[in-house]
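Peer 1: Below you'll find the structure I mean.
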Number of protein chains: 4
Amino acid sequence: MRSILTSSISPVWHPPAPCTVRTRPLDTRAGPGQIASTLPQVSTEPPTQHLVLALSCPDRPGIVHAVSGVLAEHGGNITESQQFGDPSTGLFFMRVQVETAAPRHELEGALTSLAHDFAMEFALDEVGRPVRTLIMASKDAHCLSDLLFRQRSQRLPIDPVGVVANHPDLEPLAEFYGVPFHHIPVTQESKPAAEAELLGLVRDLDVELVVLARYMQILSDTVCTELAGNVINIHHSFLPSFKGARPYAQAHGRGVKLIGATAHYVTADLDEGPIIEQDVERVTHADDVAEMVARGQDVERRVLARAVRWHAEHRVLVDGQRTVVFP
Amino acid sequence: MRSILTSSISPVWHPPAPCTVRTRPLDTRAGPGQIASTLPQVSTEPPTQHLVLALSCPDRPGIVHAVSGVLAEHGGNITESQQFGDPSTGLFFMRVQVETAAPRHELEGALTSLAHDFAMEFALDEVGRPVRTLIMASKDAHCLSDLLFRQRSQRLPIDPVGVVANHPDLEPLAEFYGVPFHHIPVTQESKPAAEAELLGLVRDLDVELVVLARYMQILSDTVCTELAGNVINIHHSFLPSFKGARPYAQAHGRGVKLIGATAHYVTADLDEGPIIEQDVERVTHADDVAEMVARGQDVERRVLARAVRWHAEHRVLVDGQRTVVFP
Amino acid sequence: MRSILTSSISPVWHPPAPCTVRTRPLDTRAGPGQIASTLPQVSTEPPTQHLVLALSCPDRPGIVHAVSGVLAEHGGNITESQQFGDPSTGLFFMRVQVETAAPRHELEGALTSLAHDFAMEFALDEVGRPVRTLIMASKDAHCLSDLLFRQRSQRLPIDPVGVVANHPDLEPLAEFYGVPFHHIPVTQESKPAAEAELLGLVRDLDVELVVLARYMQILSDTVCTELAGNVINIHHSFLPSFKGARPYAQAHGRGVKLIGATAHYVTADLDEGPIIEQDVERVTHADDVAEMVARGQDVERRVLARAVRWHAEHRVLVDGQRTVVFP
Amino acid sequence: MRSILTSSISPVWHPPAPCTVRTRPLDTRAGPGQIASTLPQVSTEPPTQHLVLALSCPDRPGIVHAVSGVLAEHGGNITESQQFGDPSTGLFFMRVQVETAAPRHELEGALTSLAHDFAMEFALDEVGRPVRTLIMASKDAHCLSDLLFRQRSQRLPIDPVGVVANHPDLEPLAEFYGVPFHHIPVTQESKPAAEAELLGLVRDLDVELVVLARYMQILSDTVCTELAGNVINIHHSFLPSFKGARPYAQAHGRGVKLIGATAHYVTADLDEGPIIEQDVERVTHADDVAEMVARGQDVERRVLARAVRWHAEHRVLVDGQRTVVFP
């Protein structure tokens, strides 16, 4: 399995923006099972896999027919599918779940050939495969706790391979859930070394997704670019709104009746990456700043969990400054 | 154009439940334009149409490929598409919007042939074509007023060909929007005659959709069956919940904190037809029954408008006792 | 009855911001009924009135006791009441509904005396009395139509005494609801004359509330100041967010997943007046700008109707740059 | 401090339903601080306490005046207050937060005297004092985890004195949060002994509130009656709706578009106690039963946390079969 760091090497056609769609090689973890599937089988029915294919390419007639043709040739049965052509960017997006008994590498080969013809980016993955995820946090526990609980209760398809924090406070929480905790403090001087350590972890742990779960440090442009399309942040407010420090105090001062949160991909342009999900919580005049923070935490963890789930299920495709979400 | 009354004649394969998918013949209203399109044209680029295709059939491999093949052969470019295979009923559902310059009748012919092979029901229509709609009401104006306003402000693709009411109160409202008003009183004795008059209107006005916008009479089984799949009702409560008279008084007595509404297809089993849409409105202890009725009206009109829009845009497909909605 | 224009004359203690609380004189429209109440009555039980009292003053111990004392002395029975002391502004707010058989002018006199002691602003009104309202619009009908429908269906306690528009398009709608329509076009040159005509209408029609129901002209500072605290605007977006032209296009470009609306009091600082209510509607990547506008209209009319209702029921009290809402 | 078991001894006037309002004696935990407050103080300003008073009584004129009089006599400054008179039950409800430097026992004495005159039930408590809470669960962790996390992150004013479960699965979670875990298995034979053990814990741990956080055993009428008004349950569906086993499977079968949860007080009439809070989550045709369960868990934990918070803050008052909630 390749980490997200190596994903910048391959593509024939470079997408117009950070993109979640990537070709994944054979899952070698399965090992014996894969070998077994190449041996003669007593059963006449080969084992069925449930795969998800996500792709994007310049829009033109015939894409769905070509893709579904490849799937049909490999005995694929489509169980769920969504497509969208964006007139404003001229791009076409497709996500399809398919059951097939064909060897995965054959399907992959056929799709690679197709991708060449259509200048297509694609990702092929098993439905429900946990995505290797590194969670970054600071002191606030609400997002980290929620993600780990949801993973453990079997509903969030991530494999949390590590927690990175610039403060030690959250180590017990990570330990409770059995996730290795890496304390990487960040000062102005140590930032380059800290980021090198982070990128080392991403490489060594074969990380596919980085989630900024209220991580209060700004990633450098270098890191943002290197991990582009694979870092999700939760922003403590609607976007664009109340920029700067103490957003809840600003919201309180203006007497807002709703507070919100935004999950988005991280780009070098902070807080301006493609939006994945947003939601709000109602507040009243009687809620002071502390209560607005508390309600904000509720909506932050809810929005982040949805965004992470959709990303992990290949339901989010980047479309320039926007995202296409097939929920 | 055929009205919904005649739709019971044709299908080769009978769907397991009231179904919105029907083949529509050529739209003859356009008249001259249609004729013109058969004449030699100076322009080398034939005019592009934007069509919507909705279909359902028993699930099996190759459906999407076959359908997209037909579309590709006719130069179709898919702009939006959704599919869903329901494991519990074994049915497959698809809605696709396609731009094509091919003559519609040719596409229709090819689809009809395909439908035969796949035991498929389908509807082919122009994107945004207003559906000929008869709205039925009693005395409450909120749903009727909302539908007519939304139609007029160009966002709801219905053509309101008539309003039928068993009370005269709403005539001025219908008149303001220029919709013919038919006062058909209903008593126990007159009910058969009244329903005959209703079915006559459906036939004469070439009605495709009947909306029960707080119509307080119960349609007979005969009418329900004859119009099955083409009648949408708005129910003044969640389903199943608070059956019987005065639902808001019951909700008040139990001190509920939310009240809701349900839009559903009408079947002979009253209030038990497939659910299209539901929503809620928050209430408090300070809201008396009258206020709960008022808030209920808000959520009723909102839910009904969504259901009518989705039906008119061929976004609702019936799946046994459930609906598949591609919003 | 005095119009809002004259409300700048009286108060002893000037509130820190536009304020909805005003003393209302005896309602002389009732005429004969008022006279009758001064005559000897056969019934030993005087007729009960349901009154609402809204007040604000600098916070200090004893306010509730003093106010409830005055009410108790006049045989008042409190049916609903809410109070709030804002630590950030040092102001106290109270809204109370009371049933009493005492002559209203006596209660008013006692409250006036109390108001002097506590540097208090207050409004005393009948529960449910329709507030004389002037609605201003341009071409978009959704907010005007919704307000007039809600008024007519007896749930919104306003008396729409006129519609002012700078375009003629909405005249039929106003006529249908029997509300006088005033076409006052506005050009750069005619603006002073147009605003003079507007203020003349406010005076002549004894207007208590002006609602900007998608009125696309900016009111001058003079008008804003003169009508301060009595003008409600609906803003086509969250505040602060997407300032400038074509907010829905901006929202689409950023790929937002929610769009919102904000109802607020108008101050000279445009779009920055105290917020009364906000809400959102969910959108997806498939919604183009036109659909986002349509959904925006839904949330706009809903938010505006709530704000107008709460204002008309004396449920909104201004607290500096914020509002206290007792819903 | 008295546990909820002893609360059935005292009241002069018995409320018409389980009631959250109780007189609380002086908090003796503070110990030294309380003694210190009786000593001569150098400061001329006695320390200010922030108290909450919740009460209900038969409605009649003068209640607010009498209560605010007692508060004013003790130098109290009202910071937040809400009242409601329910015409359908003839009861009056009041919740008030007050800052005062008066000794609490003096205020308590004065209120007790007042309560006698008005046949009033009341509770006087410190604002924010953690309520001693016993949480009961079975195997599902989502509600327990959420409550403990919210308590720890300092926003939920409960003191979780123990977790009782009829299965051992949740012990590690309770241990992580440092809460004693009591495994009390329940079989048909052992139920009386198990309930005796439960009531023993309630007594020994001085429990004020029992939360059924997806506890899958039915409490006997005896326990329900003994703890009446102090047990909150979360119901896995709207009420009344989809009674019986596997509610999410029923909801899926009917194709509902929303699923909900209800938090309510437990009475002997299972699932029919006064409703405290309800909310919903949207689902689609693509969500299978497992996903509906997952979404249901989200809404369950959210609704339960709100209900527990409001109860702990004395914001919920029982009004016959309904609740008055002052949020």
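Starting from 1 in every chain, residues are counted up; chains themselves are A, B, ... following the order of the structure tokens, and ligands are numbered from 1 as listed.
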Find the residues around region 193-206 of chain A up to 12 Å (only C-alpha atoms counted), leave out those fewer than 5 positions away in its own chain, and share them as a ChimeraX atom specification.

Peer 2: /A:1-7,131-136,159-166,180-188,211,217-227,230-231

Peer 1: Take the residues just selected and output them with N, CA and C atoms as a compact mmCIF listing (two decimals), in the first residue's frame.

Peer 2:
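Output file again.txt follows:
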# COMPACT_ATOMS: atom_id res chain seq x y z
N MET A 1 0.82 -1.20 0.00
CA MET A 1 0.00 0.00 0.00
C MET A 1 0.86 1.26 0.00
N ARG A 2 0.48 2.20 -0.82
CA ARG A 2 1.27 3.42 -0.89
C ARG A 2 0.65 4.51 -0.03
N SER A 3 1.46 5.29 0.60
CA SER A 3 0.91 6.39 1.39
C SER A 3 0.55 7.54 0.47
N ILE A 4 -0.14 8.52 1.03
CA ILE A 4 -0.57 9.65 0.20
C ILE A 4 0.62 10.44 -0.32
N LEU A 5 1.77 10.28 0.32
CA LEU A 5 2.93 11.06 -0.12
C LEU A 5 3.35 10.69 -1.53
N THR A 6 3.16 9.44 -1.89
CA THR A 6 3.64 9.00 -3.20
C THR A 6 2.61 9.25 -4.29
N SER A 7 1.46 9.72 -3.91
CA SER A 7 0.40 9.86 -4.90
C SER A 7 0.70 10.98 -5.89
N VAL A 131 -9.84 3.37 6.05
CA VAL A 131 -8.79 4.23 5.50
C VAL A 131 -7.79 4.54 6.62
N ARG A 132 -6.50 4.36 6.33
CA ARG A 132 -5.46 4.59 7.33
C ARG A 132 -5.37 6.09 7.63
N THR A 133 -5.71 6.46 8.85
CA THR A 133 -5.95 7.87 9.18
C THR A 133 -5.07 8.32 10.35
N LEU A 134 -4.46 9.48 10.18
CA LEU A 134 -3.71 10.13 11.26
C LEU A 134 -4.53 11.32 11.74
N ILE A 135 -4.82 11.34 13.03
CA ILE A 135 -5.64 12.43 13.58
C ILE A 135 -4.74 13.39 14.33
N MET A 136 -4.85 14.67 14.02
CA MET A 136 -4.05 15.68 14.69
C MET A 136 -4.95 16.55 15.58
N ASP A 159 -9.13 3.60 9.92
CA ASP A 159 -8.20 2.85 10.77
C ASP A 159 -7.28 3.91 11.38
N PRO A 160 -7.54 4.30 12.64
CA PRO A 160 -6.75 5.39 13.23
C PRO A 160 -5.36 4.90 13.61
N VAL A 161 -4.38 5.16 12.75
CA VAL A 161 -3.04 4.59 12.96
C VAL A 161 -2.21 5.43 13.91
N GLY A 162 -2.68 6.62 14.26
CA GLY A 162 -1.93 7.44 15.20
C GLY A 162 -2.63 8.75 15.49
N VAL A 163 -2.30 9.30 16.67
CA VAL A 163 -2.76 10.65 17.02
C VAL A 163 -1.51 11.50 17.21
N VAL A 164 -1.48 12.63 16.56
CA VAL A 164 -0.39 13.59 16.72
C VAL A 164 -0.96 14.82 17.40
N ALA A 165 -0.28 15.29 18.47
CA ALA A 165 -0.76 16.50 19.15
C ALA A 165 0.43 17.34 19.56
N ASN A 166 0.24 18.64 19.58
CA ASN A 166 1.31 19.53 20.02
C ASN A 166 1.22 19.81 21.52
N PRO A 180 -1.74 4.79 19.07
CA PRO A 180 -0.45 5.39 19.46
C PRO A 180 -0.51 6.91 19.42
N PHE A 181 0.06 7.51 20.49
CA PHE A 181 0.02 8.96 20.63
C PHE A 181 1.41 9.53 20.40
N HIS A 182 1.49 10.52 19.55
CA HIS A 182 2.78 11.16 19.26
C HIS A 182 2.70 12.62 19.67
N HIS A 183 3.49 12.97 20.70
CA HIS A 183 3.51 14.36 21.15
C HIS A 183 4.59 15.10 20.36
N ILE A 184 4.18 15.97 19.49
CA ILE A 184 5.13 16.75 18.69
C ILE A 184 4.88 18.23 18.97
N PRO A 185 5.59 18.80 19.97
CA PRO A 185 5.39 20.21 20.28
C PRO A 185 5.84 21.08 19.10
N VAL A 186 5.24 22.22 18.98
CA VAL A 186 5.58 23.13 17.88
C VAL A 186 5.87 24.52 18.43
N THR A 187 7.08 25.00 18.21
CA THR A 187 7.40 26.41 18.47
C THR A 187 7.83 27.00 17.14
N GLN A 188 8.03 28.31 17.15
CA GLN A 188 8.42 28.94 15.89
C GLN A 188 9.71 28.31 15.36
N VAL A 211 -6.57 14.05 9.49
CA VAL A 211 -7.72 14.83 9.96
C VAL A 211 -7.26 15.82 11.02
N GLN A 217 -2.44 24.52 15.21
CA GLN A 217 -1.27 25.05 14.52
C GLN A 217 -1.57 25.14 13.03
N ILE A 218 -0.96 26.11 12.38
CA ILE A 218 -1.14 26.25 10.94
C ILE A 218 -0.07 25.43 10.24
N LEU A 219 -0.50 24.56 9.32
CA LEU A 219 0.46 23.78 8.55
C LEU A 219 1.12 24.68 7.51
N SER A 220 2.41 24.42 7.27
CA SER A 220 3.12 25.22 6.28
C SER A 220 2.60 24.92 4.88
N ASP A 221 2.85 25.84 3.97
CA ASP A 221 2.45 25.63 2.58
C ASP A 221 3.04 24.34 2.04
N THR A 222 4.26 24.05 2.45
CA THR A 222 4.92 22.82 1.95
C THR A 222 4.10 21.59 2.31
N VAL A 223 3.71 21.50 3.59
CA VAL A 223 2.93 20.34 4.02
C VAL A 223 1.57 20.33 3.34
N CYS A 224 0.93 21.48 3.29
CA CYS A 224 -0.39 21.55 2.63
C CYS A 224 -0.30 21.04 1.20
N THR A 225 0.72 21.44 0.50
CA THR A 225 0.85 21.05 -0.90
C THR A 225 1.14 19.56 -1.01
N GLU A 226 2.02 19.08 -0.13
CA GLU A 226 2.43 17.68 -0.22
C GLU A 226 1.26 16.74 0.08
N LEU A 227 0.41 17.16 0.99
CA LEU A 227 -0.71 16.29 1.39
C LEU A 227 -2.02 16.72 0.74
N ASN A 230 -5.82 15.37 0.83
CA ASN A 230 -5.89 14.28 1.79
C ASN A 230 -5.88 14.77 3.22
N VAL A 231 -6.12 16.06 3.41
CA VAL A 231 -6.19 16.63 4.76
C VAL A 231 -7.54 17.32 4.91

Peer 1: Please find the residues of chain D near chain C - the criterion being any atom within 10 Å, counting only C-alpha atoms - and write them as a ChimeraX atom specification.

Peer 2: /D:59-87,92-100,326

Peer 1: Give me, please, the distance in Å between CA of Arg295 (chain A) and CA of Leu258 (chain A), quoted to one decimal.

Peer 2: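 For CA of Arg295 (chain A) relative to CA of Leu258 (chain A), the distance reads 9.9 Å.
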
Peer 1: Name all residues at most 10 Å from Ala249 (chain A) (count only C-alpha atoms; drop same-chain ones fewer than 3 positions away) and give them as an MDAnalysis selection string.

Peer 2: chainID A and resid 242 245:246 252:255 288:290 292:293

Peer 1: Residues of the last selection are to be written out with C-alpha atoms, as a compact mmCIF listing (two decimals), in the first residue's frame.

Peer 2:
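Output file out_37.txt is given in full below:
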# COMPACT_ATOMS: atom_id res chain seq x y z
CA PHE A 242 -15.96 35.90 11.56
CA ALA A 245 -9.40 35.24 16.81
CA ARG A 246 -12.23 34.32 19.18
CA HIS A 252 -21.90 36.61 20.59
CA GLY A 253 -21.17 40.27 20.16
CA ARG A 254 -23.24 40.38 17.00
CA GLY A 255 -26.04 38.42 18.63
CA ASP A 288 -22.98 33.29 26.82
CA VAL A 289 -19.69 32.81 24.99
CA ALA A 290 -18.87 29.64 26.95
CA MET A 292 -21.72 29.11 22.39
CA VAL A 293 -18.33 27.38 22.46

Peer 1: Report as a VMD selection string all protein, DNA and RNA residues lying within 8 Å of Ala307 (chain C), evaluated on only C-alpha atoms, omitting residues in the same chain fewer than 2 positions from it.

Peer 2: chain C and resid 232 263 to 264 276 to 277 303 to 305 309 to 311

Peer 1: Give the strand (DSSP E or B) residues of region 239-322 of chain B, as assigned by DSSP on the backbone, as a list in words.

Peer 2: Leu258, Ile259, Gly260, Ala261, Thr262, Ala263, His264, Tyr265, Ile275, Ile276, Glu277, Gln278, Asp279, Val280, Glu281, Arg282, Val316, Leu317, Val318, Asp319 and Arg322 of chain B

Peer 1: For CA of Ala101 (chain D) and CA of Leu51 (chain D), determine how far apart the two atoms are, in Å to one decimal place.

Peer 2: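 For CA of Ala101 (chain D) relative to CA of Leu51 (chain D), the distance reads 10.3 Å.
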
Peer 1: For Val318 (chain A), list every protein, DNA or RNA residue within 12 Å, evaluated using only C-alpha atoms, and leave out those in the same chain fewer than 4 positions away; present the list as JSON, numbers by chain.

Peer 2: {"A": [15, 16, 17, 18, 19, 20, 21, 54, 55, 56, 57, 86, 89, 91, 92, 93, 94, 121, 228, 229, 230, 264, 265, 266, 273, 274, 275, 276, 311, 314, 322, 323, 324, 325, 326], "C": [254, 255, 285]}

Peer 1: Atoms to include: N, CA and C atoms. Write the selected residues as a short mmCIF file (atom, residue, chain, number, x, y, z; two decimals), in the first residue's frame.

Peer 2:
data_model
loop_
_atom_site.label_atom_id
_atom_site.label_comp_id
_atom_site.auth_asym_id
_atom_site.auth_seq_id
_atom_site.Cartn_x
_atom_site.Cartn_y
_atom_site.Cartn_z
N PRO A 15 -5.38 16.55 -12.24
CA PRO A 15 -6.69 17.15 -11.98
C PRO A 15 -6.52 18.63 -11.63
N PRO A 16 -7.60 19.40 -11.80
CA PRO A 16 -7.52 20.85 -11.61
C PRO A 16 -7.45 21.25 -10.15
N ALA A 17 -7.45 20.32 -9.27
CA ALA A 17 -7.51 20.66 -7.85
C ALA A 17 -7.17 19.41 -7.06
N PRO A 18 -6.91 19.57 -5.75
CA PRO A 18 -6.68 18.38 -4.94
C PRO A 18 -7.81 17.39 -5.16
N CYS A 19 -7.51 16.19 -5.29
CA CYS A 19 -8.50 15.23 -5.75
C CYS A 19 -8.39 13.95 -4.94
N THR A 20 -9.53 13.41 -4.56
CA THR A 20 -9.50 12.22 -3.73
C THR A 20 -9.40 10.95 -4.55
N VAL A 21 -9.51 11.09 -5.83
CA VAL A 21 -9.57 9.87 -6.62
C VAL A 21 -8.16 9.44 -6.99
N ALA A 54 -14.55 5.55 -7.87
CA ALA A 54 -14.83 6.99 -7.95
C ALA A 54 -13.94 7.56 -9.02
N LEU A 55 -14.49 8.42 -9.84
CA LEU A 55 -13.68 8.96 -10.95
C LEU A 55 -14.14 10.36 -11.33
N SER A 56 -13.24 11.07 -11.98
CA SER A 56 -13.59 12.35 -12.58
C SER A 56 -12.80 12.51 -13.86
N CYS A 57 -13.39 13.23 -14.81
CA CYS A 57 -12.71 13.49 -16.07
C CYS A 57 -13.43 14.62 -16.79
N ASP A 86 -20.64 18.95 -14.09
CA ASP A 86 -20.70 20.34 -13.64
C ASP A 86 -20.52 21.26 -14.84
N THR A 89 -17.50 23.86 -14.57
CA THR A 89 -16.08 23.48 -14.71
C THR A 89 -15.86 22.52 -15.87
N LEU A 91 -16.37 19.42 -15.89
CA LEU A 91 -15.90 18.12 -15.40
C LEU A 91 -17.07 17.19 -15.11
N PHE A 92 -16.82 15.90 -15.23
CA PHE A 92 -17.81 14.88 -14.96
C PHE A 92 -17.33 14.03 -13.79
N PHE A 93 -18.27 13.67 -12.90
CA PHE A 93 -17.93 12.92 -11.70
C PHE A 93 -18.82 11.70 -11.58
N MET A 94 -18.25 10.61 -11.11
CA MET A 94 -19.02 9.38 -11.00
C MET A 94 -18.52 8.58 -9.81
N GLU A 121 -9.13 10.46 -13.88
CA GLU A 121 -8.55 10.07 -12.60
C GLU A 121 -9.53 9.11 -11.94
N ALA A 228 -1.94 17.59 -0.23
CA ALA A 228 -3.14 18.21 -0.80
C ALA A 228 -4.21 17.18 -1.17
N GLY A 229 -5.43 17.47 -0.79
CA GLY A 229 -6.54 16.60 -1.11
C GLY A 229 -6.73 15.48 -0.12
N ASN A 230 -5.82 15.37 0.83
CA ASN A 230 -5.89 14.28 1.79
C ASN A 230 -5.88 14.77 3.22
N HIS A 264 -13.60 21.13 5.60
CA HIS A 264 -13.10 21.43 4.26
C HIS A 264 -11.73 20.80 4.06
N TYR A 265 -11.37 20.62 2.80
CA TYR A 265 -10.01 20.18 2.50
C TYR A 265 -9.06 21.33 2.76
N VAL A 266 -7.87 20.96 3.21
CA VAL A 266 -6.86 21.98 3.49
C VAL A 266 -6.09 22.27 2.22
N GLY A 273 -10.15 26.15 1.44
CA GLY A 273 -10.18 24.93 0.64
C GLY A 273 -11.61 24.51 0.37
N PRO A 274 -11.78 23.56 -0.56
CA PRO A 274 -13.14 23.11 -0.94
C PRO A 274 -13.94 22.62 0.27
N ILE A 275 -15.16 23.11 0.40
CA ILE A 275 -16.04 22.79 1.51
C ILE A 275 -16.65 21.40 1.31
N ILE A 276 -16.59 20.56 2.34
CA ILE A 276 -17.18 19.23 2.27
C ILE A 276 -18.56 19.20 2.93
N HIS A 311 -15.50 11.08 2.99
CA HIS A 311 -14.20 10.97 2.33
C HIS A 311 -13.74 9.52 2.32
N HIS A 314 -15.18 7.38 -0.24
CA HIS A 314 -14.99 7.89 -1.61
C HIS A 314 -16.24 8.59 -2.13
N ARG A 322 -14.83 23.68 -5.38
CA ARG A 322 -16.01 23.09 -4.78
C ARG A 322 -15.81 21.59 -4.61
N THR A 323 -16.76 20.95 -3.94
CA THR A 323 -16.74 19.49 -3.90
C THR A 323 -18.06 18.97 -4.43
N VAL A 324 -17.98 17.79 -5.01
CA VAL A 324 -19.18 17.03 -5.34
C VAL A 324 -19.30 15.96 -4.26
N VAL A 325 -20.42 15.93 -3.55
CA VAL A 325 -20.62 14.95 -2.49
C VAL A 325 -21.78 14.05 -2.88
N PHE A 326 -21.51 12.75 -2.98
CA PHE A 326 -22.56 11.76 -3.26
C PHE A 326 -22.88 11.04 -1.96
N ARG C 254 -18.19 29.06 -4.04
CA ARG C 254 -17.45 28.48 -2.92
C ARG C 254 -17.96 27.09 -2.56
N GLY C 255 -19.04 26.67 -3.19
CA GLY C 255 -19.55 25.32 -2.94
C GLY C 255 -20.12 25.14 -1.55
N HIS C 285 -24.16 20.14 -4.42
CA HIS C 285 -23.40 20.48 -5.62
C HIS C 285 -24.30 20.53 -6.86
#

Peer 1: Quick one: pull the distance between CA of Leu144 (chain A) and CA of Leu156 (chain A), Å, one decimal.

Peer 2: 12.9 Å

Peer 1: How would you write, as a ChimeraX atom specification, the set of residues in region 81-255 of chain C that DSSP gives as alpha helix (DSSP H)?

Peer 2: /C:104-118,142-152,171-176,191-204,221-226,247-254

Peer 1: Can you tell me, as an MDAnalysis selection string, what residues are no more than 6 Å from Gln278 (chain D) when counting only C-alpha atoms, ignoring any on the same chain fewer than 4 positions away?

Peer 2: (chainID B and resid 257) or (chainID D and resid 261:262)

Peer 1: Please produce a file of those selected residues containing N, CA, C and O atoms, as a PDB file, in the first residue's frame.

Peer 2:
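This is the output file selection_26.pdb:
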ATOM      1  N   LYS B 257     -42.641  17.804  21.440  1.00  0.00           N
ATOM      2  CA  LYS B 257     -41.746  18.939  21.231  1.00  0.00           C
ATOM      3  C   LYS B 257     -41.494  19.189  19.743  1.00  0.00           C
ATOM      4  O   LYS B 257     -40.836  20.152  19.373  1.00  0.00           O
TER       5      LYS B 257
ATOM      6  N   ALA D 261     -35.895  10.484  18.105  1.00  0.00           N
ATOM      7  CA  ALA D 261     -35.734   9.939  19.444  1.00  0.00           C
ATOM      8  C   ALA D 261     -36.462  10.846  20.418  1.00  0.00           C
ATOM      9  O   ALA D 261     -36.657  12.033  20.151  1.00  0.00           O
ATOM     10  N   THR D 262     -36.871  10.267  21.536  1.00  0.00           N
ATOM     11  CA  THR D 262     -37.647  10.979  22.541  1.00  0.00           C
ATOM     12  C   THR D 262     -37.048  10.717  23.919  1.00  0.00           C
ATOM     13  O   THR D 262     -36.892   9.565  24.310  1.00  0.00           O
TER      14      THR D 262
END
